[in-house]
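Chemist: Sharing model-v8.tsv (TSV, C-alpha atoms) below.
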chain	number	residue	atom	x	y	z
A	1	MET	CA	190.13	52.25	113.99
A	2	SER	CA	188.67	49.00	112.76
A	3	LYS	CA	187.31	48.52	109.28
A	4	ARG	CA	183.78	47.97	110.64
A	5	ILE	CA	183.80	51.30	112.48
A	6	ARG	CA	185.05	53.13	109.38
A	7	ILE	CA	182.24	51.62	107.31
A	8	PHE	CA	179.68	52.58	109.97
A	9	MET	CA	180.96	56.17	110.09
A	10	ALA	CA	180.85	56.44	106.29
A	11	VAL	CA	177.27	55.20	106.17
A	12	PHE	CA	176.29	57.55	108.99
A	13	PHE	CA	177.72	60.61	107.26
A	14	ALA	CA	176.13	59.55	103.98
A	15	ILE	CA	172.72	59.35	105.66
A	16	LEU	CA	173.23	62.80	107.17
A	17	LEU	CA	174.22	64.22	103.80
A	18	ILE	CA	171.23	62.69	102.02
A	19	GLY	CA	168.87	63.80	104.82
A	20	GLY	CA	170.18	67.34	104.64
A	21	ALA	CA	169.72	67.41	100.89
A	22	VAL	CA	166.17	66.13	101.16
A	23	PHE	CA	165.35	68.65	103.91
A	24	TYR	CA	166.79	71.49	101.83
A	25	PHE	CA	164.82	70.37	98.78
A	26	LEU	CA	161.56	70.14	100.71
A	27	GLN	CA	162.08	73.53	102.32
A	28	ASN	CA	162.98	75.16	99.03
A	29	ASN	CA	160.02	73.52	97.30
A	30	ALA	CA	157.68	74.61	100.10
A	31	ARG	CA	158.83	78.16	99.66
A	32	THR	CA	158.02	78.02	95.97
A	33	GLU	CA	154.50	76.78	96.72
A	34	LYS	CA	153.58	80.11	98.34
A	35	LEU	CA	153.74	83.70	97.17
A	36	THR	CA	154.04	86.58	99.59
A	37	PHE	CA	153.39	90.20	98.72
A	38	TYR	CA	153.47	93.37	100.77
A	39	GLY	CA	151.03	96.24	100.60
A	40	ASN	CA	148.62	98.45	102.54
A	41	VAL	CA	145.01	98.22	103.68
A	42	ASP	CA	142.69	100.27	101.49
A	43	ILE	CA	139.00	101.17	101.78
A	44	ARG	CA	136.31	103.11	99.95
A	45	GLU	CA	134.90	106.37	101.25
A	46	VAL	CA	131.50	108.02	100.82
A	47	GLU	CA	130.79	111.73	101.17
A	48	ALA	CA	127.20	111.76	102.43
A	49	ALA	CA	125.23	114.92	101.66
A	50	LEU	CA	121.65	116.13	102.10
A	51	ASN	CA	119.66	116.23	98.88
A	52	ASP	CA	118.16	119.72	99.42
A	53	ASN	CA	119.16	123.20	100.50
A	54	GLY	CA	118.64	124.40	104.06
A	55	PHE	CA	120.14	124.87	107.48
A	56	VAL	CA	121.46	121.85	109.36
A	57	THR	CA	119.52	121.53	112.62
A	58	LYS	CA	120.99	118.39	114.18
A	59	LEU	CA	123.91	116.01	113.66
A	60	LEU	CA	123.42	112.66	115.35
A	61	VAL	CA	126.88	111.05	115.09
A	62	GLN	CA	130.49	112.00	115.72
A	63	GLU	CA	133.86	111.07	114.24
A	64	GLY	CA	134.68	107.47	115.01
A	65	ASP	CA	131.05	106.39	115.43
A	66	GLN	CA	130.05	103.23	113.63
A	67	VAL	CA	126.90	103.59	111.53
A	68	HIS	CA	124.70	101.09	109.75
A	69	LYS	CA	122.96	101.40	106.40
A	70	GLY	CA	119.67	103.30	106.75
A	71	GLU	CA	120.56	104.86	110.10
A	72	LEU	CA	119.44	108.49	110.58
A	73	ILE	CA	122.57	110.62	110.97
A	74	ALA	CA	121.55	114.27	110.26
A	75	LEU	CA	118.52	116.58	110.09
A	76	MET	CA	117.85	119.78	108.14
A	77	ASP	CA	115.26	122.53	108.72
A	78	ASP	CA	112.04	121.16	107.18
A	79	GLN	CA	109.42	123.93	107.76
A	80	ARG	CA	109.29	125.10	104.13
A	81	TYR	CA	109.12	121.56	102.81
A	82	ALA	CA	106.41	120.55	105.28
A	83	ALA	CA	104.29	123.55	104.22
A	84	SER	CA	104.78	122.72	100.54
A	85	LEU	CA	103.68	119.17	101.18
A	86	ALA	CA	100.54	120.32	103.01
A	87	ALA	CA	99.59	122.67	100.14
A	88	ALA	CA	100.22	120.00	97.51
A	89	GLN	CA	98.16	117.45	99.42
A	90	ALA	CA	95.26	119.92	99.75
A	91	GLN	CA	95.35	120.65	96.01
A	92	ALA	CA	95.38	116.95	95.23
A	93	ALA	CA	92.40	116.38	97.54
A	94	ASN	CA	90.46	119.17	95.79
A	95	GLN	CA	91.14	117.73	92.34
A	96	LYS	CA	90.16	114.30	93.59
A	97	GLN	CA	86.73	115.58	94.65
A	98	ILE	CA	86.20	117.29	91.27
A	99	LEU	CA	87.04	114.07	89.48
A	100	ALA	CA	84.79	112.05	91.78
A	101	ALA	CA	81.87	114.37	91.06
A	102	LEU	CA	82.32	113.95	87.31
A	103	LEU	CA	82.66	110.18	87.57
A	104	ALA	CA	79.50	109.97	89.68
A	105	GLY	CA	77.53	111.72	86.93
A	106	THR	CA	74.40	113.89	87.32
A	107	ARG	CA	72.32	113.42	90.47
A	108	PRO	CA	68.77	112.06	89.97
A	109	GLU	CA	67.43	115.18	91.70
A	110	GLN	CA	69.19	117.39	89.16
A	111	ILE	CA	67.63	115.41	86.31
A	112	VAL	CA	64.16	115.81	87.87
A	113	GLN	CA	64.76	119.52	88.35
A	114	ALA	CA	65.89	119.94	84.74
A	115	LYS	CA	62.80	118.04	83.52
A	116	ALA	CA	60.48	120.22	85.59
A	117	GLN	CA	62.10	123.41	84.29
A	118	MET	CA	61.77	122.19	80.72
A	119	ASP	CA	58.09	121.28	81.19
A	120	ALA	CA	57.30	124.66	82.74
A	121	LEU	CA	58.92	126.56	79.90
A	122	ALA	CA	57.19	124.28	77.39
A	123	ALA	CA	53.82	125.40	78.77
A	124	VAL	CA	54.82	129.06	78.48
A	125	TYR	CA	56.10	128.45	74.98
A	126	GLN	CA	52.83	126.79	73.89
A	127	ASN	CA	50.72	129.57	75.43
A	128	ASP	CA	52.75	132.32	73.76
A	129	ALA	CA	52.56	130.47	70.46
A	130	ALA	CA	48.74	130.35	70.69
A	131	ASN	CA	48.56	134.10	71.57
A	132	TYR	CA	50.75	135.00	68.63
A	133	GLN	CA	48.58	132.95	66.25
A	134	ARG	CA	45.40	134.68	67.52
A	135	TYR	CA	46.83	138.20	67.17
A	136	ALA	CA	48.21	137.36	63.75
A	137	ALA	CA	44.70	136.23	62.64
A	138	LEU	CA	42.99	139.38	64.02
A	139	VAL	CA	45.31	141.94	62.42
A	140	PRO	CA	43.81	141.66	58.86
A	141	SER	CA	40.32	142.52	60.21
A	142	SER	CA	41.73	145.32	62.39
A	143	ALA	CA	40.42	143.48	65.50
A	144	ALA	CA	43.98	143.68	66.86
A	145	SER	CA	46.76	146.14	66.20
A	146	ARG	CA	50.05	145.32	64.58
A	147	GLN	CA	51.79	146.33	67.81
A	148	GLN	CA	49.88	143.66	69.70
A	149	ARG	CA	50.81	141.12	67.07
A	150	ASP	CA	54.51	142.12	67.23
A	151	ASP	CA	54.53	141.95	71.06
A	152	ALA	CA	52.97	138.51	70.91
A	153	LYS	CA	55.59	137.49	68.35
A	154	ALA	CA	58.42	138.71	70.61
A	155	ALA	CA	56.98	136.85	73.59
A	156	TYR	CA	56.61	133.74	71.45
A	157	ASP	CA	60.24	133.90	70.22
A	158	ASN	CA	61.55	134.44	73.75
A	159	ALA	CA	59.53	131.53	75.15
A	160	LYS	CA	60.75	129.32	72.33
A	161	GLN	CA	64.40	130.07	73.08
A	162	ASN	CA	63.92	129.55	76.83
A	163	TYR	CA	62.24	126.24	76.21
A	164	GLU	CA	64.99	125.09	73.84
A	165	ALA	CA	67.64	126.01	76.39
A	166	ALA	CA	65.83	124.07	79.13
A	167	ARG	CA	65.43	121.08	76.81
A	168	GLN	CA	69.15	121.00	76.04
A	169	ALA	CA	69.95	121.30	79.75
A	170	TYR	CA	67.70	118.32	80.44
A	171	ILE	CA	69.42	116.28	77.71
A	172	LEU	CA	72.86	117.10	79.17
A	173	ALA	CA	71.67	116.18	82.66
A	174	VAL	CA	70.52	112.79	81.41
A	175	LYS	CA	73.76	112.13	79.48
A	176	GLY	CA	76.05	113.22	82.30
A	177	PRO	CA	79.58	114.65	82.02
A	178	ARG	CA	81.52	114.41	78.76
A	179	GLN	CA	84.39	111.93	78.59
A	180	GLU	CA	86.71	114.79	77.64
A	181	ASP	CA	85.80	116.63	80.87
A	182	ILE	CA	86.43	113.47	82.90
A	183	ALA	CA	89.80	112.96	81.17
A	184	ALA	CA	90.80	116.56	81.88
A	185	ALA	CA	89.81	116.21	85.53
A	186	GLN	CA	91.76	112.94	85.75
A	187	ALA	CA	94.86	114.61	84.30
A	188	ALA	CA	94.54	117.52	86.74
A	189	PHE	CA	94.25	115.09	89.65
A	190	ASP	CA	97.26	113.06	88.46
A	191	ALA	CA	99.35	116.22	88.21
A	192	ALA	CA	98.33	117.35	91.70
A	193	ALA	CA	99.05	113.88	93.12
A	194	ALA	CA	102.48	113.84	91.46
A	195	GLN	CA	103.23	117.25	92.93
A	196	ALA	CA	102.26	115.96	96.36
A	197	ARG	CA	104.57	112.96	95.96
A	198	LEU	CA	107.42	115.25	94.92
A	199	ALA	CA	106.80	117.44	97.96
A	200	ALA	CA	106.87	114.32	100.15
A	201	VAL	CA	110.23	113.32	98.66
A	202	GLU	CA	111.60	116.82	99.22
A	203	LEU	CA	110.47	116.67	102.84
A	204	ALA	CA	112.11	113.25	103.27
A	205	ASP	CA	115.31	114.69	101.80
A	206	THR	CA	115.66	116.90	104.87
A	207	LYS	CA	116.82	113.75	106.68
A	208	LEU	CA	120.18	112.13	105.94
A	209	TYR	CA	120.58	108.38	106.33
A	210	ALA	CA	123.80	106.37	106.24
A	211	PRO	CA	124.19	104.97	102.70
A	212	ALA	CA	126.10	101.91	103.93
A	213	ASP	CA	127.75	100.35	106.95
A	214	GLY	CA	130.87	102.23	107.93
A	215	ILE	CA	132.67	104.52	110.35
A	216	ILE	CA	132.35	108.31	110.48
A	217	GLU	CA	135.73	109.54	109.33
A	218	GLU	CA	135.03	113.27	109.26
A	219	ARG	CA	132.15	115.52	110.34
A	220	ILE	CA	132.31	118.36	107.86
A	221	LEU	CA	129.27	120.51	108.77
A	222	GLU	CA	127.85	121.60	112.12
A	223	PRO	CA	124.33	122.67	113.21
A	224	GLY	CA	123.55	126.04	111.66
A	225	ASP	CA	125.64	125.47	108.54
A	226	MET	CA	123.94	125.69	105.16
A	227	ALA	CA	123.62	122.27	103.55
A	228	SER	CA	123.26	121.50	99.85
A	229	PRO	CA	123.64	118.48	97.59
A	230	GLN	CA	127.12	119.75	96.67
A	231	THR	CA	128.27	120.08	100.30
A	232	PRO	CA	129.00	116.80	102.14
A	233	VAL	CA	127.94	116.52	105.76
A	234	TYR	CA	130.07	113.49	106.63
A	235	THR	CA	132.86	111.42	105.15
A	236	ILE	CA	132.12	107.76	105.86
A	237	ALA	CA	134.75	105.02	105.57
A	238	LEU	CA	133.13	101.84	104.25
A	239	THR	CA	134.39	98.84	106.21
A	240	ASN	CA	132.91	96.02	104.15
A	241	PRO	CA	134.79	94.86	102.30
A	242	LEU	CA	138.32	96.06	102.96
A	243	TRP	CA	141.16	95.11	100.68
A	244	VAL	CA	144.94	95.02	100.69
A	245	ARG	CA	146.54	96.77	97.73
A	246	ALA	CA	149.76	95.04	96.77
A	247	TYR	CA	151.91	94.81	93.64
A	248	VAL	CA	152.81	91.65	91.73
A	249	PRO	CA	155.88	91.27	89.51
A	250	GLU	CA	155.28	90.15	85.95
A	251	THR	CA	156.97	86.81	86.62
A	252	SER	CA	154.28	85.86	89.15
A	253	LEU	CA	151.22	86.77	87.10
A	254	GLY	CA	150.70	83.28	85.75
A	255	LYS	CA	150.49	81.83	89.26
A	256	ILE	CA	147.61	83.99	90.46
A	257	ILE	CA	143.99	83.10	89.80
A	258	PRO	CA	141.15	85.59	90.51
A	259	GLY	CA	139.12	84.30	93.43
A	260	MET	CA	141.91	82.24	94.98
A	261	ALA	CA	142.14	82.26	98.76
A	262	ALA	CA	144.67	84.42	100.57
A	263	ASP	CA	145.92	84.95	104.12
A	264	ILE	CA	146.61	88.45	105.40
A	265	THR	CA	148.76	89.36	108.40
A	266	THR	CA	149.81	92.66	109.96
A	267	ASP	CA	152.49	93.81	112.35
A	268	SER	CA	149.83	95.35	114.59
A	269	TYR	CA	148.36	91.95	115.48
A	270	PRO	CA	151.18	89.36	115.40
A	271	GLY	CA	149.87	85.84	114.86
A	272	LYS	CA	146.47	87.09	113.70
A	273	VAL	CA	145.50	85.75	110.27
A	274	TYR	CA	142.70	87.26	108.20
A	275	HIS	CA	141.25	85.21	105.37
A	276	GLY	CA	140.51	86.87	102.04
A	277	TRP	CA	140.41	86.29	98.29
A	278	VAL	CA	141.98	87.74	95.17
A	279	GLY	CA	139.38	90.14	93.87
A	280	TYR	CA	141.24	92.15	91.25
A	281	LEU	CA	144.43	91.89	89.23
A	282	SER	CA	145.21	94.88	87.04
A	283	PRO	CA	145.46	94.19	83.30
A	284	THR	CA	148.09	96.92	82.90
A	285	ALA	CA	151.46	97.62	84.50
A	286	GLU	CA	151.83	100.43	86.98
A	287	PHE	CA	154.73	101.88	85.02
A	288	THR	CA	156.31	101.40	81.59
A	289	PRO	CA	159.87	100.07	81.25
A	290	LYS	CA	162.60	101.69	79.17
A	291	ASN	CA	162.80	101.20	75.45
A	292	VAL	CA	165.67	98.71	75.80
A	293	GLU	CA	164.01	95.85	77.64
A	294	THR	CA	166.47	93.43	79.12
A	295	PRO	CA	165.11	90.38	80.98
A	296	ASP	CA	165.87	92.12	84.29
A	297	LEU	CA	163.88	95.21	83.30
A	298	ARG	CA	160.94	93.11	82.15
A	299	ALA	CA	160.92	91.40	85.55
A	300	GLU	CA	160.54	94.78	87.26
A	301	LEU	CA	157.09	95.37	85.83
A	302	VAL	CA	154.45	95.28	88.58
A	303	TYR	CA	150.65	94.96	88.46
A	304	GLN	CA	148.23	96.07	91.10
A	305	LEU	CA	146.62	93.28	93.12
A	306	ARG	CA	143.60	93.69	95.37
A	307	VAL	CA	143.05	91.04	98.00
A	308	TYR	CA	139.68	91.53	99.66
A	309	VAL	CA	139.43	90.72	103.33
A	310	CYS	CA	136.63	90.84	105.84
A	311	ASN	CA	137.24	92.80	109.02
A	312	ALA	CA	134.93	91.11	111.50
A	313	HIS	CA	136.72	92.62	114.48
A	314	ASN	CA	137.29	96.15	113.12
A	315	GLN	CA	141.05	95.78	113.46
A	316	LEU	CA	142.27	96.78	110.01
A	317	ARG	CA	142.72	100.48	109.33
A	318	LEU	CA	143.27	102.57	106.23
A	319	GLY	CA	146.94	102.58	105.20
A	320	MET	CA	147.99	99.81	107.61
A	321	PRO	CA	150.92	97.76	106.21
A	322	ALA	CA	149.95	94.16	105.54
A	323	SER	CA	151.41	90.95	104.13
A	324	VAL	CA	149.49	88.79	101.68
A	325	THR	CA	150.26	85.09	101.30
A	326	LEU	CA	148.84	83.02	98.43
A	327	ASP	CA	148.98	79.23	98.71
A	328	LEU	CA	149.69	77.83	95.25
A	329	THR	CA	148.97	74.25	96.27
A	330	HIS	CA	145.21	74.83	96.35
A	331	THR	CA	143.29	72.96	93.71
A	332	ALA	CA	141.17	74.65	91.08
A	333	ALA	CA	138.03	73.77	93.04
A	334	ALA	CA	139.44	75.44	96.13
A	335	ASN	CA	140.16	78.50	94.03
A	336	ALA	CA	136.47	79.09	93.29
A	337	PRO	CA	135.69	82.84	93.42
A	338	ARG	CA	134.70	84.22	96.77
A	339	GLY	CA	132.96	87.46	97.51
A	340	PRO	CA	131.77	89.97	100.13
A	341	ALA	CA	129.00	87.56	101.16
A	342	VAL	CA	131.51	85.67	103.29
A	343	CYS	CA	131.88	88.78	105.45
A	344	GLY	CA	128.69	87.90	107.27
A	345	GLY	CA	130.35	85.53	109.71
A	346	ASP	CA	133.56	84.71	111.52
A	347	ALA	CA	134.99	83.31	108.29
A	348	ALA	CA	136.18	86.83	107.69
A	349	GLY	CA	139.04	86.54	110.11
A	350	ASN	CA	140.09	84.41	113.03
Show me this structure written as C-alpha cells.
Modeler:
Amino acid sequence: MSKRIRIFMAVFFAILLIGGAVFYFLQNNARTEKLTFYGNVDIREVEAALNDNGFVTKLLVQEGDQVHKGELIALMDDQRYAASLAAAQAQAANQKQILAALLAGTRPEQIVQAKAQMDALAAVYQNDAANYQRYAALVPSSAASRQQRDDAKAAYDNAKQNYEAARQAYILAVKGPRQEDIAAAQAAFDAAAAQARLAAVELADTKLYAPADGIIEERILEPGDMASPQTPVYTIALTNPLWVRAYVPETSLGKIIPGMAADITTDSYPGKVYHGWVGYLSPTAEFTPKNVETPDLRAELVYQLRVYVCNAHNQLRLGMPASVTLDLTHTAAANAPRGPAVCGGDAAGN
C-alpha cells in the first residue's frame, strides 16, 4: 500500500471518529435539554345535589352524558314549594296595599266628612251649653228644678266630649298617617317581600342544574328517591382542565418553572401530542428519607407535579397513563404562565 493511500485512510478514519464524537455529544446534550416524567391523568369531581328535601320526579341525563354549566339535569316534586310561594306573594301584595294607603294619606272626602261631623256636633254642643246656662239661672228662683238643671248639665258634658272627639278626628284626618305607622307598614311589607323571595328560591331549588361542564360519571338517585342537600344525585367528572399527576426527583426541581410549556403523550393515541403547562409543583416531598441521608437517598425524594392539559377531543380519561415532556431550551418569555383560558380552542391539543 502506498504512502498516499495510508495517509488518506488515516484522515478518513479520523474524520469518522471526530464525526461520531460530535454526533454522540449532540445527542447526549439534546437528551439533557428535555425532561420526561411519567404519571396518570387526573380530574376533579363534583357531587351535585338538590338544595331541598323532596322526592325526585325526573332525571334528565344518564351516565356518560356530557353536560354543560347551567344545564337542567334533575327535577324534584315542587307542589309544596309552589304553594308556599303563592301564599308568600299574596301576603306581600296585601302588605303593599296597606303601605300604599298610608303613603297616599287621608282622602279629601274623608277630611270633608270629618269636618261635617265636627260642625254638627259643635252645634249640638253649643245648644246644650245654652240650655244648661238657662236651667242653672232658673234654679235659684225655683222656675226650674234641680233635676232639670242636672239633666241639662249631663247633656252639655256629653255634647262637649262628642264635639272634642270629632275635632280631634278632623285634625288627624288633615295631618294624615303618622310616620311611625308608615315605617311599621314599610317594615311589614319588606318582611313579606323577603319571605316571598325566599319561597321563590326554595321553589327554584327543586331544579338541579349542572354546576360546570363535565361528564356524568355516576347517577346515584332514581325517580321516586328522597333527595336532600346531603344526598348527591349525580357525580360529575369535570373535564376542563384535566391534568397529569407526575413525580419529580429532587435533582430536577431547579429545572422546572411554573407555567412552562409541556407536551403530553399517551399509549392510547400513539403520535398524538397534547399541549399543556406546569400548573403546580408541590413544596413538600411525598415521603421523608431515612435519618442517614446519603446522596443517593436524597436523590430519591420526589415532589408532585401537575401538568394541566386541555382535552379538546375528549380523549383523556381518569387514571390513563401519560408521559410528560418539558423542553428546557425554552426562553423565560416562552415560559410565561398559561392557564385554563387556552382550553377554548384547538391549542389544547393537536
Chemist: When you draw a straight line from CA of Ala166 in chain A to CA of Gln95 in chain A, how long is it in Å?
Modeler: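 Taking CA of Ala166 in chain A and CA of Gln95 in chain A, their separation equals 29.2 Å.
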Chemist: Please provide the set of residues having any atom within 9 Å of Lys207 in chain A, restricted to only C-alpha atoms, with same-chain residues fewer than 6 positions apart removed, written as a PyMOL selection string.
Modeler: chain A and resi 50-51+72-76+78
Chemist: Give me, as CSV, the closest atom pair and its distance (Å, one decimal) for every residue of range 33-55 of chain A within a cut-off of 10 Å of range 209-221 of chain A, counting only C-alpha atoms, rows sorted by chain and rising number.
Modeler:
residue,atom,partner,partner_atom,distance
A:Arg44,CA,A:Gly214,CA,9.7
A:Glu45,CA,A:Glu217,CA,8.7
A:Val46,CA,A:Pro211,CA,8.1
A:Glu47,CA,A:Glu218,CA,9.3
A:Ala48,CA,A:Ala210,CA,7.4
A:Ala49,CA,A:Tyr209,CA,9.3
A:Leu50,CA,A:Tyr209,CA,8.9
Chemist: Restricting the output to C-alpha atoms, write the selected residues as a compact mmCIF listing (two decimals), keeping the file's coordinate frame.
Modeler:
# COMPACT_ATOMS: atom_id res chain seq x y z
CA ARG A 44 136.31 103.11 99.95
CA GLU A 45 134.90 106.37 101.25
CA VAL A 46 131.50 108.02 100.82
CA GLU A 47 130.79 111.73 101.17
CA ALA A 48 127.20 111.76 102.43
CA ALA A 49 125.23 114.92 101.66
CA LEU A 50 121.65 116.13 102.10
Chemist: Would you list the residues near (150.7, 87.1, 103.7), meaning any protein, DNA or RNA residue with an atom at most 8 Å from that point in file coordinates, counting only C-alpha atoms, as a compact mmCIF listing (two decimals) with C-alpha atoms, in the frame of the given file?
Modeler:
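Resulting contents of part.txt:
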# COMPACT_ATOMS: atom_id res chain seq x y z
CA LEU A 35 153.74 83.70 97.17
CA THR A 36 154.04 86.58 99.59
CA PHE A 37 153.39 90.20 98.72
CA TYR A 38 153.47 93.37 100.77
CA ALA A 262 144.67 84.42 100.57
CA ASP A 263 145.92 84.95 104.12
CA ILE A 264 146.61 88.45 105.40
CA THR A 265 148.76 89.36 108.40
CA ALA A 322 149.95 94.16 105.54
CA SER A 323 151.41 90.95 104.13
CA VAL A 324 149.49 88.79 101.68
CA THR A 325 150.26 85.09 101.30
CA LEU A 326 148.84 83.02 98.43
Chemist: In Å to one decimal, how far is CA of His68 in chain A from CA of Leu208 in chain A?
Modeler: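 Atom-to-atom, CA of Leu208 in chain A to CA of His68 in chain A, that is 12.5 Å.
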Chemist: Measuring between all atoms listed in the file, which one of A:Asp128, A:Glu109, A:Asp181, A:Asp190 shows the shortest distance to Tyr163 in chain A?
Modeler: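 Ranked by minimum distance to Tyr163 in chain A, first place goes to A:Asp128.
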Chemist: For Pro223 in chain A, which residue among A:Arg146, A:Lys34, A:Lys160, A:Lys58 is the nearest when counting all atoms listed in the file?
Modeler: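 With all atoms listed in the file as the atom set, the closest residue is A:Lys58.
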